[in-house]
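Printed here is model.csv (CSV, C-alpha atoms and all ligand atoms):
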chain,number,residue,atom,x,y,z
Y,1,MET,CA,0.0,0.0,0.0
Y,2,PRO,CA,1.5,3.4,-1.0
Y,3,LEU,CA,1.6,6.2,1.6
Y,4,ILE,CA,0.1,8.6,-1.0
Y,5,ASP,CA,-2.4,7.4,-3.5
Y,6,ALA,CA,-3.9,10.3,-5.5
Y,7,ARG,CA,-6.2,9.7,-8.5
Y,8,ALA,CA,-7.4,12.2,-11.1
Y,9,LEU,CA,-7.1,15.2,-8.8
Y,10,THR,CA,-8.4,18.4,-10.2
Y,11,LYS,CA,-8.5,21.8,-8.5
Y,12,THR,CA,-10.3,24.7,-10.0
Y,13,TYR,CA,-10.2,28.2,-8.5
Y,14,THR,CA,-13.0,30.6,-9.3
Y,15,MET,CA,-12.4,34.3,-8.8
Y,16,GLY,CA,-15.3,36.4,-10.0
Y,17,ASP,CA,-15.9,35.3,-13.6
Y,18,GLN,CA,-12.4,33.9,-13.9
Y,19,THR,CA,-11.7,30.2,-13.6
Y,20,VAL,CA,-8.2,28.9,-13.0
Y,21,HIS,CA,-7.6,25.1,-13.6
Y,22,ALA,CA,-4.7,24.7,-11.2
Y,23,LEU,CA,-4.7,20.9,-11.4
Y,24,ARG,CA,-6.1,19.2,-14.5
Y,25,GLY,CA,-6.3,15.5,-13.5
Y,26,VAL,CA,-3.2,14.5,-11.6
Y,27,SER,CA,-2.7,10.9,-10.5
Y,28,LEU,CA,0.3,9.7,-8.6
Y,29,THR,CA,1.4,7.2,-5.9
Y,30,ILE,CA,4.2,7.7,-3.5
Y,31,GLU,CA,5.6,4.8,-1.5
Y,32,LYS,CA,6.6,5.0,2.2
Y,33,GLY,CA,10.2,6.0,2.6
Y,34,ALA,CA,10.3,7.8,-0.8
Y,35,PHE,CA,12.2,11.1,-1.4
Y,36,VAL,CA,10.5,13.1,-4.1
Y,37,ALA,CA,11.2,16.4,-5.7
Y,38,ILE,CA,8.4,18.3,-7.4
Y,39,MET,CA,9.5,20.8,-10.1
Y,40,GLY,CA,7.9,23.0,-12.6
Y,41,ALA,CA,7.4,26.7,-13.6
Y,42,SER,CA,5.7,29.1,-11.3
Y,43,GLY,CA,1.9,28.7,-11.5
Y,44,SER,CA,2.1,25.1,-12.8
Y,45,GLY,CA,0.2,23.7,-9.7
Y,46,LYS,CA,2.9,22.5,-7.4
Y,47,SER,CA,1.7,24.3,-4.2
Y,48,THR,CA,-1.9,23.4,-5.0
Y,49,LEU,CA,-0.9,19.8,-5.1
Y,50,MET,CA,1.2,20.1,-1.9
Y,51,ASN,CA,-1.8,21.7,-0.1
Y,52,ILE,CA,-4.0,18.8,-1.1
Y,53,LEU,CA,-1.4,16.2,-0.2
Y,54,GLY,CA,-1.0,18.0,3.2
Y,55,CYS,CA,-4.8,17.9,3.8
Y,56,LEU,CA,-4.8,21.7,4.0
Y,57,ASP,CA,-7.2,21.9,1.1
Y,58,LEU,CA,-9.5,19.5,-0.8
Y,59,PRO,CA,-9.5,18.7,-4.5
Y,60,THR,CA,-12.4,19.9,-6.7
Y,61,SER,CA,-12.7,16.3,-7.9
Y,62,GLY,CA,-10.7,13.1,-7.7
Y,63,GLN,CA,-9.6,10.8,-4.9
Y,64,TYR,CA,-6.8,11.1,-2.3
Y,65,ARG,CA,-5.9,8.3,0.1
Y,66,LEU,CA,-3.2,9.0,2.7
Y,67,ALA,CA,-2.0,5.9,4.5
Y,68,ASP,CA,-5.2,4.2,3.3
Y,69,GLU,CA,-7.5,6.8,4.7
Y,70,ALA,CA,-9.8,8.5,2.2
Y,71,VAL,CA,-9.1,12.2,2.7
Y,72,GLU,CA,-11.5,13.7,0.2
Y,73,THR,CA,-14.6,12.7,2.3
Y,74,MET,CA,-13.2,14.0,5.6
Y,75,ALA,CA,-14.6,16.9,7.6
Y,76,ALA,CA,-12.4,19.8,8.7
Y,77,ASP,CA,-11.8,18.3,12.2
Y,78,GLN,CA,-10.7,14.9,10.8
Y,79,LEU,CA,-8.4,16.7,8.4
Y,80,ALA,CA,-6.8,18.6,11.3
Y,81,SER,CA,-6.3,15.3,13.1
Y,82,ILE,CA,-4.7,13.6,10.1
Y,83,ARG,CA,-2.4,16.6,9.7
Y,84,ASN,CA,-1.4,16.4,13.3
Y,85,ARG,CA,-0.8,12.7,13.3
Y,86,ARG,CA,0.9,12.2,10.0
Y,87,ILE,CA,2.3,15.3,8.4
Y,88,GLY,CA,5.1,17.9,9.1
Y,89,PHE,CA,5.2,21.0,7.0
Y,90,VAL,CA,8.2,23.1,6.0
Y,91,PHE,CA,7.8,26.4,4.1
Y,92,GLN,CA,10.1,28.7,2.2
Y,93,GLN,CA,9.7,31.5,4.7
Y,94,PHE,CA,10.2,29.4,7.8
Y,95,ASN,CA,7.0,30.8,9.4
Y,96,LEU,CA,8.4,30.9,12.9
Y,97,LEU,CA,6.8,33.1,15.6
Y,98,PRO,CA,9.0,36.2,16.1
Y,99,ARG,CA,10.2,37.1,19.6
Y,100,THR,CA,9.6,33.5,20.6
Y,101,SER,CA,12.4,31.0,21.4
Y,102,ALA,CA,13.4,28.1,19.3
Y,103,LEU,CA,12.0,25.7,22.0
Y,104,GLU,CA,8.6,27.4,22.1
Y,105,ASN,CA,8.4,27.5,18.3
Y,106,VAL,CA,9.0,23.7,18.2
Y,107,GLU,CA,6.5,23.1,21.0
Y,108,LEU,CA,3.7,24.8,19.2
Y,109,PRO,CA,2.3,21.8,17.2
Y,110,MET,CA,2.2,19.8,20.5
Y,111,VAL,CA,0.2,22.6,22.1
Y,112,TYR,CA,-2.4,21.9,19.4
Y,113,ALA,CA,-2.1,18.1,19.9
Y,114,GLY,CA,-2.8,18.6,23.7
Y,115,ILE,CA,0.5,17.3,25.0
Y,116,ARG,CA,1.5,18.2,28.6
Y,117,SER,CA,4.1,20.9,29.0
Y,118,ALA,CA,6.9,18.9,30.5
Y,119,GLN,CA,6.6,16.4,27.8
Y,120,ARG,CA,6.4,19.1,25.1
Y,121,ARG,CA,9.6,20.6,26.4
Y,122,GLU,CA,11.4,17.3,26.4
Y,123,LYS,CA,10.3,16.4,22.8
Y,124,ALA,CA,11.1,19.9,21.5
Y,125,MET,CA,14.7,19.6,23.0
Y,126,ILE,CA,15.1,16.2,21.3
Y,127,ALA,CA,13.9,17.5,17.9
Y,128,LEU,CA,16.2,20.6,18.1
Y,129,GLN,CA,19.1,18.3,19.0
Y,130,LYS,CA,18.3,16.1,16.0
Y,131,VAL,CA,18.6,19.1,13.6
Y,132,GLY,CA,21.9,20.2,15.2
Y,133,LEU,CA,20.5,23.1,17.3
Y,134,GLY,CA,21.1,21.7,20.8
Y,135,GLU,CA,22.9,24.9,21.7
Y,136,ARG,CA,20.3,27.3,20.5
Y,137,PHE,CA,17.2,26.5,22.6
Y,138,HIS,CA,16.6,30.0,23.8
Y,139,HIS,CA,17.4,32.0,20.7
Y,140,THR,CA,14.6,33.8,19.0
Y,141,PRO,CA,14.4,33.8,15.1
Y,142,SER,CA,16.0,37.2,14.8
Y,143,GLU,CA,19.0,35.8,16.7
Y,144,LEU,CA,19.4,32.9,14.3
Y,145,SER,CA,20.7,32.7,10.7
Y,146,GLY,CA,18.4,31.7,7.8
Y,147,GLY,CA,19.6,28.2,7.8
Y,148,GLN,CA,19.2,27.9,11.6
Y,149,GLN,CA,15.7,29.3,11.3
Y,150,GLN,CA,14.9,26.6,8.7
Y,151,ARG,CA,16.3,24.0,11.1
Y,152,VAL,CA,14.0,25.2,13.8
Y,153,ALA,CA,11.1,24.9,11.3
Y,154,ILE,CA,12.2,21.4,10.4
Y,155,ALA,CA,12.4,20.4,14.1
Y,156,ARG,CA,8.9,21.8,14.5
Y,157,ALA,CA,7.8,19.6,11.6
Y,158,LEU,CA,9.3,16.6,13.1
Y,159,VAL,CA,8.2,16.9,16.7
Y,160,ASN,CA,4.9,15.0,16.4
Y,161,ASN,CA,6.9,12.2,14.7
Y,162,PRO,CA,5.1,12.4,11.3
Y,163,GLN,CA,5.4,9.8,8.5
Y,164,LEU,CA,5.5,12.5,5.9
Y,165,ILE,CA,7.4,15.8,5.5
Y,166,LEU,CA,6.0,18.2,3.0
Y,167,ALA,CA,8.4,21.0,2.2
Y,168,ASP,CA,7.4,23.8,-0.3
Y,169,GLU,CA,10.6,25.4,-1.6
Y,170,PRO,CA,12.5,24.8,1.7
Y,171,THR,CA,15.7,26.2,0.3
Y,172,GLY,CA,14.1,29.1,-1.7
Y,173,ALA,CA,15.3,31.7,0.8
Y,174,LEU,CA,18.7,30.3,1.5
Y,175,ASP,CA,22.2,30.6,0.0
Y,176,SER,CA,23.6,27.6,-1.8
Y,177,GLN,CA,25.9,26.4,1.1
Y,178,THR,CA,23.0,26.6,3.6
Y,179,SER,CA,20.7,24.9,1.1
Y,180,GLU,CA,23.1,22.0,0.9
Y,181,ASP,CA,23.1,21.7,4.7
Y,182,ILE,CA,19.3,21.6,4.8
Y,183,MET,CA,19.2,19.0,2.0
Y,184,ARG,CA,21.7,16.9,3.9
Y,185,LEU,CA,19.4,17.1,6.9
Y,186,LEU,CA,16.3,16.1,4.8
Y,187,THR,CA,18.3,13.3,3.3
Y,188,ASP,CA,19.3,12.0,6.8
Y,189,LEU,CA,15.6,12.1,7.9
Y,190,ASN,CA,14.7,10.2,4.7
Y,191,ALA,CA,17.4,7.6,5.5
Y,192,GLN,CA,15.8,7.1,8.9
Y,193,GLY,CA,12.5,6.2,7.1
Y,194,MET,CA,10.7,9.5,6.8
Y,195,THR,CA,8.9,10.1,3.5
Y,196,VAL,CA,9.9,13.5,2.1
Y,197,VAL,CA,8.2,15.4,-0.7
Y,198,LEU,CA,9.7,18.8,-1.6
Y,199,VAL,CA,9.0,21.5,-4.1
Y,200,THR,CA,12.0,23.2,-5.7
Y,201,HIS,CA,12.9,25.4,-8.7
Y,202,GLU,CA,16.5,24.2,-8.7
Y,203,SER,CA,17.8,21.0,-10.4
Y,204,ASP,CA,20.7,20.8,-8.0
Y,205,ILE,CA,18.3,20.7,-5.1
Y,206,ALA,CA,16.1,18.1,-6.9
Y,207,ALA,CA,19.2,16.0,-7.5
Y,208,TRP,CA,19.2,15.1,-3.8
Y,209,ALA,CA,15.9,13.3,-4.2
Y,210,ARG,CA,15.4,9.8,-5.7
Y,211,ARG,CA,12.4,10.7,-7.7
Y,212,LYS,CA,11.6,13.9,-9.7
Y,213,ILE,CA,8.1,14.8,-10.8
Y,214,VAL,CA,7.8,17.8,-13.2
Y,215,PHE,CA,4.6,19.8,-13.5
Y,216,ARG,CA,3.4,21.9,-16.4
Y,217,ASP,CA,0.1,23.7,-16.6
Y,218,GLY,CA,-1.6,21.5,-14.0
Y,219,HIS,CA,-0.3,18.2,-15.4
Y,220,ILE,CA,2.6,15.9,-14.6
Y,221,VAL,CA,4.8,15.9,-17.7
Y,222,GLU,CA,7.8,14.0,-16.4
Y,223,ASP,CA,8.2,11.4,-13.6
Y,224,VAL,CA,11.7,9.9,-13.2
Y,225,SER,CA,13.7,8.1,-10.6
Y,226,GLN,CA,17.4,7.8,-9.9
Y,227,ASP,CA,19.5,5.4,-7.9
Y,228,ARG,CA,21.9,7.8,-6.2
Y,229,ALA,CA,24.4,4.9,-5.8
Y,230,GLU,CA,24.4,4.7,-9.6
Y,231,GLY,CA,25.6,8.2,-10.1
Y,232,GLY,CA,22.3,10.1,-10.5
Y,233,ASN,CA,20.9,9.3,-13.9
Y,234,TRP,CA,17.2,9.9,-14.0
Y,235,GLY,CA,15.1,6.9,-15.5
Y,236,GLN,CA,11.5,7.2,-16.7
Y,237,ILE,CA,8.5,6.1,-14.7
Y,238,PRO,CA,5.2,5.7,-16.8
Y,239,ILE,CA,3.1,8.8,-16.1
Y,240,GLN,CA,-0.3,8.1,-14.5
Y,241,ASP,CA,-1.5,11.7,-14.9
Y,242,ALA,CA,-5.1,11.3,-16.0
Y,243,ASP,CA,-7.0,13.4,-18.5
Y,244,LEU,CA,-9.2,16.1,-17.1
Y,245,VAL,CA,-12.0,14.3,-15.2
Y,246,GLY,CA,-15.3,16.0,-14.6
Y,247,GLY,CA,-17.4,15.9,-11.5
Y,248,HIS,CA,-17.2,17.9,-8.3
Y,249,ASN,CA,-16.3,17.2,-4.7
Y,250,ALA,CA,-16.4,19.7,-1.9
Y,251,HIS,CA,-14.6,22.9,-2.9
Y,252,THR,CA,-13.4,24.0,0.4
Y,253,LYS,CA,-10.5,26.2,1.4
Y,254,LEU,CA,-9.5,25.0,4.9
Y,255,ASP,CA,-7.3,27.9,5.9
Y,256,SER,CA,-10.2,29.3,7.9
Y,257,ASP,CA,-10.4,26.0,9.8
Y,258,PRO,CA,-10.0,26.9,13.6
Y,259,ASN,CA,-8.0,23.8,14.0
Y,260,PHE,CA,-5.6,24.9,11.3
Y,261,HIS,CA,-2.3,23.2,12.0
Y,262,PRO,CA,0.6,23.9,12.4
Y,263,LEU,CA,0.5,27.7,12.6
Y,264,PRO,CA,-1.6,30.5,13.9
Y,265,ALA,CA,-2.2,33.4,11.5
Y,266,GLU,CA,0.4,35.6,13.2
Y,267,ALA,CA,3.2,33.2,12.1
Y,268,ARG,CA,1.9,32.6,8.6
Y,269,SER,CA,1.8,36.3,7.8
Y,270,ALA,CA,5.1,37.0,9.6
I,301,LIG,N1,-6.2,30.5,-3.7
I,301,LIG,C1,-6.1,30.7,-5.0
I,301,LIG,N2,-7.1,31.4,-5.6
I,301,LIG,C2,-7.1,31.5,-7.0
I,301,LIG,N3,-6.1,31.1,-7.8
I,301,LIG,C3,-5.1,30.4,-7.2
I,301,LIG,C4,-5.1,30.1,-5.8
I,301,LIG,N4,-4.0,29.4,-5.5
I,301,LIG,C5,-3.3,29.2,-6.7
I,301,LIG,N5,-4.0,29.8,-7.7
I,301,LIG,C6,-3.7,29.7,-9.1
I,301,LIG,O1,-3.5,28.3,-9.5
I,301,LIG,C7,-2.4,28.2,-10.3
I,301,LIG,C8,-1.4,27.2,-9.7
I,301,LIG,O2,-0.8,27.9,-8.6
I,301,LIG,P1,0.2,27.2,-7.6
I,301,LIG,O3,-0.2,25.8,-7.3
I,301,LIG,O4,0.5,28.1,-6.5
I,301,LIG,O5,1.5,27.1,-8.5
I,301,LIG,P2,3.0,26.9,-8.2
I,301,LIG,O6,3.2,26.5,-6.8
I,301,LIG,O7,3.5,25.8,-9.2
I,301,LIG,O8,3.7,28.2,-8.5
I,301,LIG,C9,-1.9,29.6,-10.6
I,301,LIG,O9,-2.4,30.0,-11.8
I,301,LIG,C10,-2.3,30.4,-9.4
I,301,LIG,O10,-2.5,31.7,-9.8
I,302,MG,MG,4.3,27.4,-5.2
Step by step, read the file and then write its structure as structure tokens.
Ligand SMILES: Nc1ncnc2c1ncn2[C@@H]1O[C@H](COP(=O)(O)OP(=O)(O)O)[C@@H](O)[C@H]1O
Ligand SMILES: [Mg+2]
Amino acid sequence: MPLIDARALTKTYTMGDQTVHALRGVSLTIEKGAFVAIMGASGSGKSTLMNILGCLDLPTSGQYRLADEAVETMAADQLASIRNRRIGFVFQQFNLLPRTSALENVELPMVYAGIRSAQRREKAMIALQKVGLGERFHHTPSELSGGQQQRVAIARALVNNPQLILADEPTGALDSQTSEDIMRLLTDLNAQGMTVVLVTHESDIAAWARRKIVFRDGHIVEDVSQDRAEGGNWGQIPIQDADLVGGHNAHTKLDSDPNFHPLPAEARSA
């Protein structure tokens, strides 16, 4: 059973009399333990797909099963619960709370999960040690470099022990040396069994992954794998991307969900 099983996903945004077909029938499966890079031009649908895979948004039509649970039929509270249990998110802009210590930032998802404060603190310390920030517990974001801030964000993503890390352009705001450090960290987490799906514009970042999926205009146009031990040559995988399929599911934007996880509005707009 794959961890991610998405079939004929479409996503249509309607703004006034304008309709945007962000996804036009995307099918893909991702196995447990995979390390996948999603590429494609700006506006090709990458973030839309990540939001659906992350149970932050529902498709307009199509089916999505995460760890064999049917997501597209879930209510908002069930989606919040599946996000809490299974998924860690990493964003380009780190999305840390300002004037708040690394430890408290990492504790945040556990506050939502209802974990006691002593246990929160202990788990947050372990997660920060895991990303190499054992000496920076009490630093606030402005006292940390960009790479260190992204490490805090990764520790926060890890702290509920998710099966899946979804990272939307995690190195987009970092210089190339720091990007490499972050990719090494994601590679280590993947080697420990975590499934990693990341979006990137840069092929040298995608080269860290073992599978590369390329989007164009709401479709998958390329799906290739490489065995890094064999020197990084990408080999074709048959594309499952379906033709545009009709029909409508719920068309709900879940950002207004009061259980929105992992971040309160203050952090997302920071
Ligand atoms: N909330 C939204 N409302 C309306 N249009 C949107 C929304 N989010 C994305 N889009 C549109 O959907 C298309 C795909 O966007 P997106 O998934 O963000 O692309 P990418 O991440 O590949 O740059 C774009 O045309 C974008 O303008
Ligand atoms: Mg995007």
- Item | Nearby polymer residues, ligand MG 302 (chain I), at most 7 Å, all atoms listed in the file, as a list in words |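 I would give the residues around ligand MG 302 (chain I) as Ser42, Gly43, Lys46, Ser47 and Asp168 of chain Y.
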- Message: Could you list the protein, DNA and RNA residues that have any atom within 8 Å of ligand LIG 301 (chain I), counting all atoms listed in the file, and write them as a list in words?
- Response: Thr12, Tyr13, Thr14, Met15, Val20, His21, Ala22, Leu23, Met39, Gly40, Ala41, Ser42, Gly43, Ser44, Gly45, Lys46, Ser47, Thr48, Leu49, Met50, Phe215, Asp217, Gly218 and Lys253 of chain Y
Selection file, C-alpha atoms, as a short mmCIF file (atom, residue, chain, number, x, y, z; two decimals), in the frame of the given file:
data_model
loop_
_atom_site.label_atom_id
_atom_site.label_comp_id
_atom_site.auth_asym_id
_atom_site.auth_seq_id
_atom_site.Cartn_x
_atom_site.Cartn_y
_atom_site.Cartn_z
CA THR Y 12 -10.30 24.70 -10.00
CA TYR Y 13 -10.20 28.20 -8.50
CA THR Y 14 -13.00 30.60 -9.30
CA MET Y 15 -12.40 34.30 -8.80
CA VAL Y 20 -8.20 28.90 -13.00
CA HIS Y 21 -7.60 25.10 -13.60
CA ALA Y 22 -4.70 24.70 -11.20
CA LEU Y 23 -4.70 20.90 -11.40
CA MET Y 39 9.50 20.80 -10.10
CA GLY Y 40 7.90 23.00 -12.60
CA ALA Y 41 7.40 26.70 -13.60
CA SER Y 42 5.70 29.10 -11.30
CA GLY Y 43 1.90 28.70 -11.50
CA SER Y 44 2.10 25.10 -12.80
CA GLY Y 45 0.20 23.70 -9.70
CA LYS Y 46 2.90 22.50 -7.40
CA SER Y 47 1.70 24.30 -4.20
CA THR Y 48 -1.90 23.40 -5.00
CA LEU Y 49 -0.90 19.80 -5.10
CA MET Y 50 1.20 20.10 -1.90
CA PHE Y 215 4.60 19.80 -13.50
CA ASP Y 217 0.10 23.70 -16.60
CA GLY Y 218 -1.60 21.50 -14.00
CA LYS Y 253 -10.50 26.20 1.40
#
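Considering all atoms listed in the file, the residue among Y:His201, Y:Arg184, Y:Arg24, Y:Lys123 positioned nearest to Y:Gln92 is Y:His201.
Around the coordinate (7.2, 19.6, 8.6), residues that reach within 10 Å when counting all atoms listed in the file are Gly54, Arg86, Ile87, Gly88, Phe89, Val90, Phe91, Ala153, Ile154, Ala155, Arg156, Ala157, Leu158, Val159, Asn160, Asn161, Pro162, Gln163, Leu164, Ile165, Leu166, Ala167, Asp168, Val196 and Pro262 of chain Y.
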- Message: Would you compute the distance between atom CA of Y:Ala173 and atom CA of Y:Gln149? Give it in Å to one decimal.
- Response: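 Computed distance, atom CA of Y:Ala173 to atom CA of Y:Gln149, equals 10.8 Å.
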- Tell me which of Y:Ala113, Y:Val26, Y:Ala75, Y:Ala102 sits closest to Y:Met125, counting all atoms listed in the file.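 Going through Y:Ala113, Y:Val26, Y:Ala75, Y:Ala102 one by one, the smallest distance to Y:Met125 is for Y:Ala102.
Excluding Y:Glu202 and any residue on its chain fewer than 4 positions from it, the residues at most 10 Å away by all atoms listed in the file are Ala37, Met39, Gly40, Glu169, Thr171, Gly172, Ala206 and Ala207 of chain Y.
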Residues just named, written with C-alpha atoms as a CSV table (one decimal), in the coordinates of the input:
chain,number,residue,atom,x,y,z
Y,37,ALA,CA,11.2,16.4,-5.7
Y,39,MET,CA,9.5,20.8,-10.1
Y,40,GLY,CA,7.9,23.0,-12.6
Y,169,GLU,CA,10.6,25.4,-1.6
Y,171,THR,CA,15.7,26.2,0.3
Y,172,GLY,CA,14.1,29.1,-1.7
Y,206,ALA,CA,16.1,18.1,-6.9
Y,207,ALA,CA,19.2,16.0,-7.5
- For the atom pair atom CA of Y:Ile213 and atom CA of Y:Thr178, what is the interatomic distance in Å to one decimal place?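 Calculated distance between atom CA of Y:Ile213 and atom CA of Y:Thr178 is 23.8 Å.
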- Task: Taking (-12.6, 10.0, 0.3) in the file's own coordinates, collect the residues within 12 Å, counting all atoms listed in the file, and hand them back as a PyMOL selection string.
- Result: chain Y and resi 5-7+9+55+58-59+61-66+68-75+78-79+249-250
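Distances from Y:Leu174, Y:Val111, Y:Ile237, Y:Leu185 to Y:Gly132 were compared using only C-alpha atoms, and the smallest one belongs to Y:Leu185.
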- Item | Atomic distance atom CA of Y:Arg116 - atom CA of Y:Leu53, expressed in Å with one decimal |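 That distance, rounded to one decimal, is 29.0 Å.
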- Counting only C-alpha atoms, the residue among Y:Thr195, Y:Gln18, Y:Thr187, Y:Gln129 that lies closest to Y:Ile4 is Y:Thr195
- Pick out the closest residue to Y:Gly33 from this set: Y:Gly193, Y:Gly235, Y:Ile205, Y:Ser225. Count all atoms listed in the file.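 Among the listed residues, the smallest separation from Y:Gly33 belongs to Y:Gly193.
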- Message: If we count all atoms listed in the file and set the cut-off at 9 Å, which residues sit around Y:Val152, ignoring sequence neighbours fewer than 3 positions away in its own chain? Please answer as a ChimeraX atom specification.
- Response: /Y:94,96,102-103,105-106,127-128,131,133,141,147-149,155-157
Those residues with C-alpha atoms, as an mmCIF file, in the frame of the given file please?
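Contents of the output file selection26.cif:
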data_model
loop_
_atom_site.group_PDB
_atom_site.id
_atom_site.type_symbol
_atom_site.label_atom_id
_atom_site.label_comp_id
_atom_site.auth_asym_id
_atom_site.auth_seq_id
_atom_site.Cartn_x
_atom_site.Cartn_y
_atom_site.Cartn_z
ATOM 1 C CA PHE Y 94 10.200 29.400 7.800
ATOM 2 C CA LEU Y 96 8.400 30.900 12.900
ATOM 3 C CA ALA Y 102 13.400 28.100 19.300
ATOM 4 C CA LEU Y 103 12.000 25.700 22.000
ATOM 5 C CA ASN Y 105 8.400 27.500 18.300
ATOM 6 C CA VAL Y 106 9.000 23.700 18.200
ATOM 7 C CA ALA Y 127 13.900 17.500 17.900
ATOM 8 C CA LEU Y 128 16.200 20.600 18.100
ATOM 9 C CA VAL Y 131 18.600 19.100 13.600
ATOM 10 C CA LEU Y 133 20.500 23.100 17.300
ATOM 11 C CA PRO Y 141 14.400 33.800 15.100
ATOM 12 C CA GLY Y 147 19.600 28.200 7.800
ATOM 13 C CA GLN Y 148 19.200 27.900 11.600
ATOM 14 C CA GLN Y 149 15.700 29.300 11.300
ATOM 15 C CA ALA Y 155 12.400 20.400 14.100
ATOM 16 C CA ARG Y 156 8.900 21.800 14.500
ATOM 17 C CA ALA Y 157 7.800 19.600 11.600
#
Would you mind putting N, CA and C atoms back on stretch 179-192 of chain Y and writing the result as a PDB file, in the coordinates of the input?
ATOM      1  N   SER Y 179      21.633  25.846   1.762  1.00  0.00           N
ATOM      2  CA  SER Y 179      20.700  24.900   1.100  1.00  0.00           C
ATOM      3  C   SER Y 179      21.192  23.514   1.151  1.00  0.00           C
ATOM      4  N   GLU Y 180      22.492  23.369   0.912  1.00  0.00           N
ATOM      5  CA  GLU Y 180      23.100  22.000   0.900  1.00  0.00           C
ATOM      6  C   GLU Y 180      22.964  21.406   2.315  1.00  0.00           C
ATOM      7  N   ASP Y 181      23.217  22.218   3.360  1.00  0.00           N
ATOM      8  CA  ASP Y 181      23.100  21.700   4.700  1.00  0.00           C
ATOM      9  C   ASP Y 181      21.654  21.230   4.991  1.00  0.00           C
ATOM     10  N   ILE Y 182      20.679  22.014   4.535  1.00  0.00           N
ATOM     11  CA  ILE Y 182      19.300  21.600   4.800  1.00  0.00           C
ATOM     12  C   ILE Y 182      18.946  20.366   3.982  1.00  0.00           C
ATOM     13  N   MET Y 183      19.467  20.252   2.752  1.00  0.00           N
ATOM     14  CA  MET Y 183      19.200  19.000   2.000  1.00  0.00           C
ATOM     15  C   MET Y 183      19.853  17.815   2.603  1.00  0.00           C
ATOM     16  N   ARG Y 184      21.025  18.021   3.205  1.00  0.00           N
ATOM     17  CA  ARG Y 184      21.700  16.900   3.900  1.00  0.00           C
ATOM     18  C   ARG Y 184      20.818  16.443   5.065  1.00  0.00           C
ATOM     19  N   LEU Y 185      20.259  17.410   5.779  1.00  0.00           N
ATOM     20  CA  LEU Y 185      19.400  17.100   6.900  1.00  0.00           C
ATOM     21  C   LEU Y 185      18.130  16.324   6.432  1.00  0.00           C
ATOM     22  N   LEU Y 186      17.502  16.796   5.359  1.00  0.00           N
ATOM     23  CA  LEU Y 186      16.300  16.100   4.800  1.00  0.00           C
ATOM     24  C   LEU Y 186      16.688  14.694   4.352  1.00  0.00           C
ATOM     25  N   THR Y 187      17.876  14.569   3.769  1.00  0.00           N
ATOM     26  CA  THR Y 187      18.300  13.300   3.300  1.00  0.00           C
ATOM     27  C   THR Y 187      18.546  12.301   4.493  1.00  0.00           C
ATOM     28  N   ASP Y 188      19.102  12.822   5.596  1.00  0.00           N
ATOM     29  CA  ASP Y 188      19.300  12.000   6.800  1.00  0.00           C
ATOM     30  C   ASP Y 188      17.925  11.536   7.338  1.00  0.00           C
ATOM     31  N   LEU Y 189      16.963  12.460   7.377  1.00  0.00           N
ATOM     32  CA  LEU Y 189      15.600  12.100   7.900  1.00  0.00           C
ATOM     33  C   LEU Y 189      15.009  11.031   6.995  1.00  0.00           C
ATOM     34  N   ASN Y 190      15.188  11.179   5.688  1.00  0.00           N
ATOM     35  CA  ASN Y 190      14.700  10.200   4.700  1.00  0.00           C
ATOM     36  C   ASN Y 190      15.364   8.827   4.982  1.00  0.00           C
ATOM     37  N   ALA Y 191      16.666   8.859   5.238  1.00  0.00           N
ATOM     38  CA  ALA Y 191      17.400   7.600   5.500  1.00  0.00           C
ATOM     39  C   ALA Y 191      16.896   6.925   6.746  1.00  0.00           C
ATOM     40  N   GLN Y 192      16.335   7.722   7.695  1.00  0.00           N
ATOM     41  CA  GLN Y 192      15.800   7.100   8.900  1.00  0.00           C
ATOM     42  C   GLN Y 192      14.317   6.671   8.705  1.00  0.00           C
TER      43      GLN Y 192
END
